[in-house]
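Note: the block below is input_1.txt and it holds compact mmCIF, C-alpha atoms.
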```
# COMPACT_ATOMS: atom_id res chain seq x y z
CA MET Q 98 286.39 137.30 134.27
CA ALA Q 99 286.59 133.77 132.85
CA SER Q 100 289.93 131.96 132.86
CA GLY Q 101 289.20 129.05 130.53
CA TYR Q 102 286.70 127.34 128.28
CA ARG Q 103 285.04 125.48 131.17
CA ASP Q 104 284.31 128.78 132.89
CA VAL Q 105 282.78 130.16 129.69
CA ALA Q 106 280.75 126.97 129.27
CA ASP Q 107 279.56 127.22 132.90
CA ALA Q 108 278.41 130.81 132.33
CA LEU Q 109 276.57 129.96 129.11
CA ARG Q 110 275.01 126.86 130.65
CA ALA Q 111 273.76 128.87 133.61
CA ALA Q 112 272.25 131.46 131.25
CA ILE Q 113 270.47 128.73 129.29
CA GLU Q 114 269.11 127.11 132.45
CA ALA Q 115 267.96 130.50 133.75
CA GLY Q 116 266.01 131.13 130.56
CA GLU Q 117 268.19 133.95 129.29
CA TYR Q 118 268.56 131.94 126.08
CA LEU Q 119 265.33 130.11 125.30
CA PRO Q 120 265.01 126.87 123.30
CA GLY Q 121 265.31 127.66 119.62
CA SER Q 122 267.12 130.94 120.22
CA THR Q 123 270.66 131.67 119.10
CA LEU Q 124 273.60 132.38 121.39
CA PRO Q 125 275.54 135.62 120.81
CA LYS Q 126 278.22 135.51 118.14
CA GLN Q 127 281.46 133.91 119.27
CA ASP Q 128 283.43 137.15 119.07
CA GLU Q 129 280.82 138.79 121.32
CA ILE Q 130 281.11 135.94 123.84
CA ALA Q 131 284.90 136.21 123.70
CA ALA Q 132 284.79 139.94 124.42
CA ARG Q 133 282.27 139.53 127.24
CA HIS Q 134 284.43 136.92 129.00
CA ASP Q 135 287.82 138.36 128.01
CA VAL Q 136 288.98 135.20 126.25
CA ASN Q 137 289.99 134.34 122.68
CA ILE Q 138 287.82 132.77 120.00
CA HIS Q 139 289.52 129.36 120.41
CA THR Q 140 288.40 129.27 124.05
CA VAL Q 141 284.82 130.11 123.06
CA ARG Q 142 284.82 127.37 120.42
CA LYS Q 143 285.92 124.83 123.01
CA ALA Q 144 283.20 126.04 125.39
CA VAL Q 145 280.53 125.74 122.69
CA ALA Q 146 281.81 122.27 121.75
CA LEU Q 147 281.43 121.22 125.39
CA LEU Q 148 277.83 122.45 125.52
CA GLU Q 149 277.16 120.67 122.23
CA SER Q 150 278.49 117.39 123.66
CA GLU Q 151 276.11 117.86 126.60
CA GLY Q 152 273.18 118.21 124.22
CA LEU Q 153 272.42 121.82 125.14
CA VAL Q 154 273.20 123.55 121.83
CA THR Q 155 273.56 122.77 118.14
CA PRO Q 156 275.74 124.80 115.75
CA ILE Q 157 273.76 125.45 112.56
CA ARG Q 158 275.46 126.78 109.46
CA ARG Q 159 274.54 130.36 108.55
CA ARG Q 160 272.48 130.69 111.73
CA GLY Q 161 274.81 130.24 114.69
CA THR Q 162 274.68 128.21 117.88
CA VAL Q 163 271.08 127.32 118.63
CA VAL Q 164 269.77 126.28 122.04
CA ARG Q 165 268.14 122.86 121.80
CA ALA Q 166 264.56 122.31 122.87
CA ARG Q 167 264.12 120.36 126.07
CA PRO Q 168 262.27 117.03 125.81
CA PRO Q 169 258.82 117.90 124.40
CA MET Q 170 257.38 114.40 124.48
CA ARG Q 171 256.42 112.32 127.46
CA ARG Q 172 256.91 108.63 126.97
CA LEU Q 173 254.58 107.01 129.45
CA GLY Q 174 255.50 103.90 131.39
CA THR Q 175 252.91 101.37 132.47
CA GLU Q 176 250.03 103.75 131.69
CA ARG Q 177 250.72 103.61 127.93
CA TYR Q 178 250.03 99.86 127.95
CA ALA Q 179 246.78 99.89 129.93
CA LYS Q 180 244.35 97.37 128.44
CA SER Q 181 241.59 99.94 128.65
CA ARG Q 182 243.59 102.05 126.17
CA TRP Q 183 244.38 99.58 123.44
CA LYS Q 184 241.06 97.78 123.79
CA ALA Q 185 239.51 101.19 123.05
CA GLY Q 186 241.88 101.63 120.10
CA ILE Q 187 244.35 103.97 121.84
CA ILE Q 188 247.84 102.58 121.37
CA GLY Q 189 251.08 103.62 123.08
CA PHE Q 190 252.18 105.91 120.23
CA SER Q 191 249.01 107.99 120.40
CA ALA Q 192 248.77 107.75 124.21
CA ASP Q 193 252.18 109.41 124.52
CA ARG Q 194 251.14 112.20 122.15
CA GLU Q 195 247.89 112.84 123.99
CA ALA Q 196 249.64 112.88 127.39
CA SER Q 197 252.12 115.42 125.99
CA GLY Q 198 249.46 117.62 124.43
CA VAL Q 199 251.00 116.97 121.02
CA PRO Q 200 248.70 116.42 118.04
CA TRP Q 201 249.32 113.45 115.78
CA LYS Q 202 248.11 111.94 112.54
CA PRO Q 203 248.39 108.39 111.20
CA GLY Q 204 251.06 109.45 108.70
CA ASP Q 205 253.40 110.34 111.59
CA GLN Q 206 254.21 106.63 111.71
CA THR Q 207 255.39 104.73 108.66
CA GLN Q 208 256.49 101.13 108.55
CA THR Q 209 257.98 98.37 106.50
CA VAL Q 210 257.09 94.72 107.00
CA ALA Q 211 259.41 91.89 106.03
CA LYS Q 212 260.57 88.43 107.01
CA VAL Q 213 264.07 88.62 108.47
CA PRO Q 214 266.44 86.18 110.18
CA ALA Q 215 266.20 86.29 113.98
CA ASP Q 216 269.29 87.60 115.74
CA ASP Q 217 270.31 86.10 119.07
CA ALA Q 218 268.15 88.45 121.19
CA ILE Q 219 265.06 87.92 119.03
CA ALA Q 220 265.59 84.16 118.92
CA LYS Q 221 265.95 83.92 122.69
CA ALA Q 222 262.83 86.03 123.30
CA LEU Q 223 260.59 84.21 120.82
CA ASP Q 224 262.09 80.76 121.53
CA VAL Q 225 263.16 80.12 117.95
CA GLU Q 226 266.49 79.13 116.46
CA PRO Q 227 268.92 81.96 115.61
CA GLY Q 228 268.53 82.71 111.91
CA ALA Q 229 264.95 81.44 111.79
CA GLU Q 230 262.57 83.64 109.81
CA VAL Q 231 260.44 86.03 111.85
CA TYR Q 232 258.23 88.93 110.87
CA GLU Q 233 259.72 92.38 111.44
CA ARG Q 234 257.37 95.36 111.60
CA ALA Q 235 259.74 98.36 111.56
CA ARG Q 236 258.35 101.83 112.22
CA LEU Q 237 259.75 105.33 111.90
CA VAL Q 238 257.85 107.86 114.00
CA LYS Q 239 257.95 111.62 113.47
CA ASP Q 240 256.63 114.65 115.32
CA ASP Q 241 255.80 117.57 113.03
CA GLY Q 242 258.15 116.14 110.41
CA GLN Q 243 261.07 115.52 112.77
CA PRO Q 244 262.01 111.89 113.48
CA THR Q 245 261.70 110.98 117.16
CA HIS Q 246 262.38 107.25 117.19
CA THR Q 247 262.33 103.94 115.40
CA LEU Q 248 260.62 100.84 116.73
CA ALA Q 249 260.79 97.33 115.30
CA SER Q 250 258.56 94.52 116.57
CA TYR Q 251 259.27 90.86 115.86
CA TYR Q 252 256.78 87.99 115.75
CA ARG Q 253 256.65 84.31 114.92
CA PRO Q 254 255.14 83.99 111.42
CA GLU Q 255 252.50 81.50 112.57
CA ASP Q 256 251.24 84.03 115.13
CA VAL Q 257 250.63 86.94 112.77
CA GLU Q 258 250.39 85.61 109.21
CA GLY Q 259 247.44 87.20 107.41
CA THR Q 260 246.73 89.74 110.18
CA PRO Q 261 246.91 93.57 110.07
CA ILE Q 262 250.26 93.33 111.89
CA VAL Q 263 251.90 92.41 108.57
CA ASP Q 264 250.04 95.12 106.62
CA PRO Q 265 252.55 97.88 105.70
CA THR Q 266 249.90 100.62 105.48
CA PRO Q 267 251.27 103.77 107.24
CA GLY Q 268 249.94 104.58 110.68
CA PRO Q 269 248.98 102.62 113.77
CA ILE Q 270 247.22 99.28 113.30
CA PRO Q 271 243.45 99.79 113.57
CA GLY Q 272 241.62 98.23 116.48
CA GLY Q 273 244.16 98.73 119.25
CA GLY Q 274 247.43 98.18 117.45
CA GLY Q 275 249.42 94.97 117.58
CA PHE Q 276 248.13 94.13 121.05
CA GLY Q 277 244.56 94.29 119.80
CA VAL Q 278 245.42 91.92 116.94
CA LEU Q 279 247.19 89.48 119.26
CA THR Q 280 244.18 89.52 121.57
CA SER Q 281 241.85 88.72 118.67
CA LYS Q 282 244.08 85.72 117.91
CA GLY Q 283 243.80 84.40 121.48
CA MET Q 284 247.19 85.77 122.60
CA GLU Q 285 246.17 88.66 124.85
CA PRO Q 286 249.20 90.45 126.32
CA GLU Q 287 249.27 90.13 130.09
CA ARG Q 288 252.71 91.31 131.20
CA MET Q 289 255.89 92.71 129.74
CA THR Q 290 259.51 93.42 130.52
CA GLU Q 291 261.21 96.61 129.31
CA THR Q 292 264.96 97.20 129.43
CA ILE Q 293 266.40 100.63 128.66
CA HIS Q 294 269.98 101.74 128.15
CA SER Q 295 271.80 104.53 126.36
CA ARG Q 296 274.65 104.54 123.86
CA MET Q 297 276.03 106.67 121.08
CA PRO Q 298 274.23 106.24 117.74
CA THR Q 299 275.48 104.42 114.68
CA PRO Q 300 275.97 106.40 111.44
CA ASP Q 301 272.70 104.99 110.08
CA GLU Q 302 270.84 106.07 113.23
CA ILE Q 303 272.31 109.58 113.01
CA GLU Q 304 271.00 109.86 109.45
CA THR Q 305 267.58 108.28 110.10
CA LEU Q 306 266.84 110.28 113.26
CA GLU Q 307 268.57 113.45 111.99
CA LEU Q 308 270.62 113.64 115.18
CA PRO Q 309 272.89 116.58 116.00
CA ALA Q 310 276.49 115.89 116.90
CA GLY Q 311 277.03 114.43 120.34
CA GLU Q 312 273.45 113.29 121.00
CA PRO Q 313 273.07 109.76 122.40
CA VAL Q 314 270.15 107.44 121.79
CA MET Q 315 268.00 105.52 124.26
CA ILE Q 316 267.58 101.85 123.41
CA LEU Q 317 264.38 100.14 124.49
CA GLU Q 318 263.93 96.36 124.42
CA ARG Q 319 260.44 95.04 125.21
CA LEU Q 320 259.23 91.49 125.69
CA THR Q 321 255.46 90.96 125.75
CA PHE Q 322 253.98 87.82 127.32
CA THR Q 323 250.59 86.15 127.51
CA ALA Q 324 249.16 85.00 130.84
CA ASP Q 325 250.71 81.54 130.34
CA GLY Q 326 254.18 83.05 129.90
CA ARG Q 327 254.52 82.78 126.11
CA CYS Q 328 256.44 85.68 124.55
CA VAL Q 329 254.40 86.91 121.57
CA GLU Q 330 256.37 90.03 120.66
CA PHE Q 331 259.95 91.24 120.96
CA ALA Q 332 260.42 94.95 120.23
CA ARG Q 333 263.51 97.11 119.92
CA GLY Q 334 263.33 100.91 119.81
CA VAL Q 335 265.94 103.58 119.16
CA HIS Q 336 264.93 106.97 120.59
CA ALA Q 337 266.61 110.35 120.19
CA ALA Q 338 267.57 111.15 123.79
CA SER Q 339 266.72 114.86 123.67
CA ARG Q 340 263.23 114.32 122.25
CA PHE Q 341 261.69 112.32 125.09
CA ALA Q 342 261.11 112.51 128.82
CA TRP Q 343 260.51 109.01 130.19
CA THR Q 344 257.74 108.96 132.79
CA TYR Q 345 256.91 106.03 135.08
CA THR Q 346 254.20 105.82 137.69
CA PHE Q 347 253.78 102.60 139.64
CA GLN Q 348 252.64 101.11 142.91
CA ILE Q 349 255.54 100.55 145.32
CA PRO Q 350 255.78 96.83 146.13
CA ASN Q 351 255.58 95.70 149.76
```
Give the structure from this file in structure tokens form.
Amino acid sequence: MASGYRDVADALRAAIEAGEYLPGSTLPKQDEIAARHDVNIHTVRKAVALLESEGLVTPIRRRGTVVRARPPMRRLGTERYAKSRWKAGIIGFSADREASGVPWKPGDQTQTVAKVPADDAIAKALDVEPGAEVYERARLVKDDGQPTHTLASYYRPEDVEGTPIVDPTPGPIPGGGGFGVLTSKGMEPERMTETIHSRMPTPDEIETLELPAGEPVMILERLTFTADGRCVEFARGVHAASRFAWTYTFQIPN
């Protein structure tokens, strides 16, 4: 017999983890849960709210409390940036899909291209003055119609003017994506630094990514350098936390 909402939440969580309630399925009605655990409806609502804040379930109007899918997409680490991939025309976006066994089409990625003032992080990365104009290539990526993340890359205008990087045509850039274009311009990427942290989303991010209540986002910041140490791209991504599993494989340093 449960004594409080945390006990009810523990029981429901255990059932979800054991596969009793599969991703996409609906939990029993709240009055049924209340009767099963000998508690009142208010206690059940608090238990469901706790599971929602943990990202396990989503209440959907006229349907009930639905168990969320576990991360379906692998986001590769160093492997997604292998030169052999983008020199063969396979960019990180498609590499992740192929590694996850998820089909994709060019229209899954849309973008807008514009000149924008550099904020402090962009300015520091690209070694320009804050407020200086840089090119922003902002993408929204979807999987089967559902937004998974946004990614915006920033470049010095003199580096990318007149190249496919500033072409707003939907889909990945032909010929190996942005890295392929940079290479053709004599700025071949050689190393990069990625920083990842989580936070709660802004209202705009909730709307753009169609996030359920309580879901955080993973923020990716990437700096891409040439062999001589010049930063040629600064990228910032906002990823729905429940829609990715981040995978890294690397050689352990001595």
| Between CA of Thr247 in chain Q and CA of Thr123 in chain Q - distance in Å to one decimal |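 Distance reported for this atom pair: 29.2 Å.
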| note | Across Q:Val278, Q:Ala337, Q:Gly326, Q:Ala146, the smallest distance to Glu304 in chain Q, with all atoms listed in the file counted, is shown by Q:Ala337
| task | Enumerate, as number ranges by chain, the protein, DNA and RNA residues whose atoms approach (252.4, 81.5, 113.4) to within 12 Å, taking into account only C-alpha atoms and the coordinate frame of the file. | result | Q: 223, 225, 230-232, 251-260, 263, 279, 282, 284, 329-330
| Given only C-alpha atoms as the counted atoms, nearest of Q:Leu306, Q:Leu153, Q:Met315, Q:Met170 to Pro244 in chain Q |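 Nearest to Pro244 in chain Q: Q:Leu306.
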| query | Neighbours of Thr175 in chain Q within 7 Å (all atoms listed in the file; same-chain residues fewer than 4 positions away dropped), as a list in words? | reply |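 These residues fall inside the cut-off: Ala179, Tyr345 and Thr346 of chain Q.
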| request: Could you tell me which of Q:Pro200, Q:Gly242, Q:Gly311, Q:Gly228 comes closest to Lys212 in chain Q if we count all atoms listed in the file? | output: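 Using all atoms listed in the file, Lys212 in chain Q sits closest to Q:Gly228.
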Residues of range 229-251 of chain Q that have any atom at most 10 Å from an atom of range 268-274 of chain Q: could you tabulate them with the shortest-distance atom pair and the distance in Å to one decimal, using all atoms listed in the file, ordered by chain and increasing number, as a Markdown table?
```
| residue | atom | partner | partner_atom | distance |
| --- | --- | --- | --- | --- |
| Q:Arg236 | CA | Q:Gly268 | CA | 9.0 |
| Q:Leu237 | CA | Q:Gly268 | CA | 9.9 |
| Q:Val238 | CA | Q:Gly268 | CA | 9.2 |
```
| Between Q:Ala332, Q:Ala324, Q:Leu119, Q:Val213, which is the closest to Thr280 in chain Q once you count only C-alpha atoms? |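 That would be Q:Ala324, the residue with the smallest distance to Thr280 in chain Q.
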| task | Would you be able to write out as a list in words which residues have an atom within 12 Å of (287.6, 126.7, 119.6) in the file's coordinates, counting only C-alpha atoms? | result | Gly101, Tyr102, Arg103, Val105, Ala106, Gln127, Asp128, Ala131, Val136, Asn137, Ile138, His139, Thr140, Val141, Arg142, Lys143, Ala144, Val145, Ala146 and Leu147 of chain Q
| query | What is the distance, in Å and to one decimal place, between CA of Ala229 in chain Q and CA of Asp216 in chain Q? | reply |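 Spanning CA of Ala229 in chain Q to CA of Asp216 in chain Q is a straight-line distance of 8.5 Å.
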Write out as a PDB file with C-alpha atoms, in the frame of the given file the residues lying within 12 Å of Ser181 in chain Q, counting all atoms listed in the file and excluding same-chain residues fewer than 4 positions away.
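New file result_31.pdb:
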```pdb
ATOM      1  CA  GLU Q 176     250.030 103.750 131.690  1.00  0.00           C
ATOM      2  CA  ARG Q 177     250.720 103.610 127.930  1.00  0.00           C
ATOM      3  CA  ALA Q 185     239.510 101.190 123.050  1.00  0.00           C
ATOM      4  CA  GLY Q 186     241.880 101.630 120.100  1.00  0.00           C
ATOM      5  CA  ILE Q 187     244.350 103.970 121.840  1.00  0.00           C
ATOM      6  CA  ILE Q 188     247.840 102.580 121.370  1.00  0.00           C
ATOM      7  CA  GLY Q 189     251.080 103.620 123.080  1.00  0.00           C
ATOM      8  CA  ALA Q 192     248.770 107.750 124.210  1.00  0.00           C
ATOM      9  CA  GLY Q 273     244.160  98.730 119.250  1.00  0.00           C
ATOM     10  CA  PHE Q 276     248.130  94.130 121.050  1.00  0.00           C
ATOM     11  CA  GLY Q 277     244.560  94.290 119.800  1.00  0.00           C
TER      12      GLY Q 277
END
```
| remark: As a check of understanding: the span from CA of Gly174 in chain Q to CA of Asp301 in chain Q is 27.4 Å
| task | Go through Q:Ala220, Q:Val210, Q:Ile349, Q:Ala112 one by one, measure the shortest atom-to-atom distance of each to Val164 in chain Q using all atoms listed in the file, and give the residue with the smallest value. | result |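 For Val164 in chain Q, the nearest of the candidates is Q:Ala112.
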| query | So which residues touch Pro313 in chain Q within 8 Å, counting all atoms listed in the file, skipping near sequence neighbours fewer than 5 positions away, as a ChimeraX atom specification? | reply | /Q:295-298,337-338
Coordinates of box centre and edge lengths for range 179-195 of chain Q, 3 Å on every side, axis-aligned, as lines of an AutoDock Vina configuration file:
```
center_x = 245.8
center_y = 105.1
center_z = 125.0
size_x = 18.7
size_y = 21.5
size_z = 15.8
```
| message | Between Q:Leu148, Q:Ile293, Q:Ile219, Q:Cys328, which residue has the minimum interatomic distance to Thr162 in chain Q, considering only C-alpha atoms? | response |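 Under the stated criterion, the closest residue is Q:Leu148.
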